[in-house]
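K.L.:
Quick one: structure below, then a few questions.
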Amino acid sequence: MGLAAQENLFWNGTELDVAYVPLNIRRQPFYVGGESALCVDLDSPCLDEGGTKSLLNPDGSDSAHLQSILAILGELVTGRAPTEQLVAALLSLELLAPLLLTLCWKTGRP
């Protein structure tokens with residue numbers, strides 16, 4: 001997310017420093033598997049055994065964090081079909097085209 005190798009202009013070391021975090025980033029490390037299974041990427045660096053967010057409340061009900069994740073995943077699933085339709089329409093009208101961008105610094109460094 002920067003121009004140099006390993007550069008990230010949006011990560012301040014502990015959190016994203018942005019006005020908006022896309023849903024597909026906020027859902028990490030969760031995803032929908034199959035038709036409707038909640039899955040977790042156990043190898044994700046987003047997981048922290050000593051973390052403060054739990055999935056269940058002491059009484060076994062869904063935590064606020066899990067409810068938030070489920071809402072995010074619901075929005076992503078609901079938006080998939082309309083997004084696919086939009087992309088198909090743009091492609092059929094030839095409104096999408098590949099773009100090659102070459103950046104050059106004043107120092108001549110590529």
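Labels for the structure tokens follow display order: chains A, B, ..., residues from 1 in each chain, ligands from 1.
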Please identify all polymer residues within 9 Å of stretch 30-38 of chain A, counting only C-alpha atoms, omitting same-chain residues fewer than 4 positions from it, and present them as number ranges by chain.
P.N.:
A: 69-70, 73, 77
K.L.:
Determine, counting only C-alpha atoms, which protein, DNA and RNA residues have an atom within 12 Å of an atom of stretch 93-107 of chain A; residues of the same chain fewer than 5 positions away are not included. Present the result as number ranges by chain.
P.N.:
A: 3-4, 86-88
K.L.:
With a distance cut-off of 12 Å and only C-alpha atoms, select the neighbouring residues of A:Pro22, excluding the residue or stretch itself and same-chain residues fewer than 3 positions from it, and output the selection as a PDB file with C-alpha atoms, in the first residue's frame.
P.N.:
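Wrote it out as out_8.pdb, contents follow:
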```pdb
ATOM      1  CA  LEU A  16      -5.112   1.365  10.045  1.00  0.00           C
ATOM      2  CA  VAL A  18      -7.720   5.719   7.293  1.00  0.00           C
ATOM      3  CA  ALA A  19     -11.147   7.343   7.190  1.00  0.00           C
ATOM      4  CA  ILE A  25     -10.745  -5.935   5.267  1.00  0.00           C
ATOM      5  CA  ARG A  26     -12.936  -5.593   8.374  1.00  0.00           C
ATOM      6  CA  ARG A  27     -14.216  -9.173   8.053  1.00  0.00           C
ATOM      7  CA  GLN A  28     -10.712 -10.644   8.466  1.00  0.00           C
ATOM      8  CA  ILE A  72     -20.368  -7.557   7.593  1.00  0.00           C
ATOM      9  CA  LEU A  73     -20.373 -10.984   5.948  1.00  0.00           C
ATOM     10  CA  GLU A  75     -23.513  -7.353   3.452  1.00  0.00           C
ATOM     11  CA  LEU A  76     -20.733  -8.901   1.379  1.00  0.00           C
TER      12      LEU A  76
END
```
K.L.:
According to DSSP computed on the backbone, where in chain A is there alpha helix (DSSP H)? Give the residues as number ranges by chain.
P.N.:
A: 23-26, 64-92
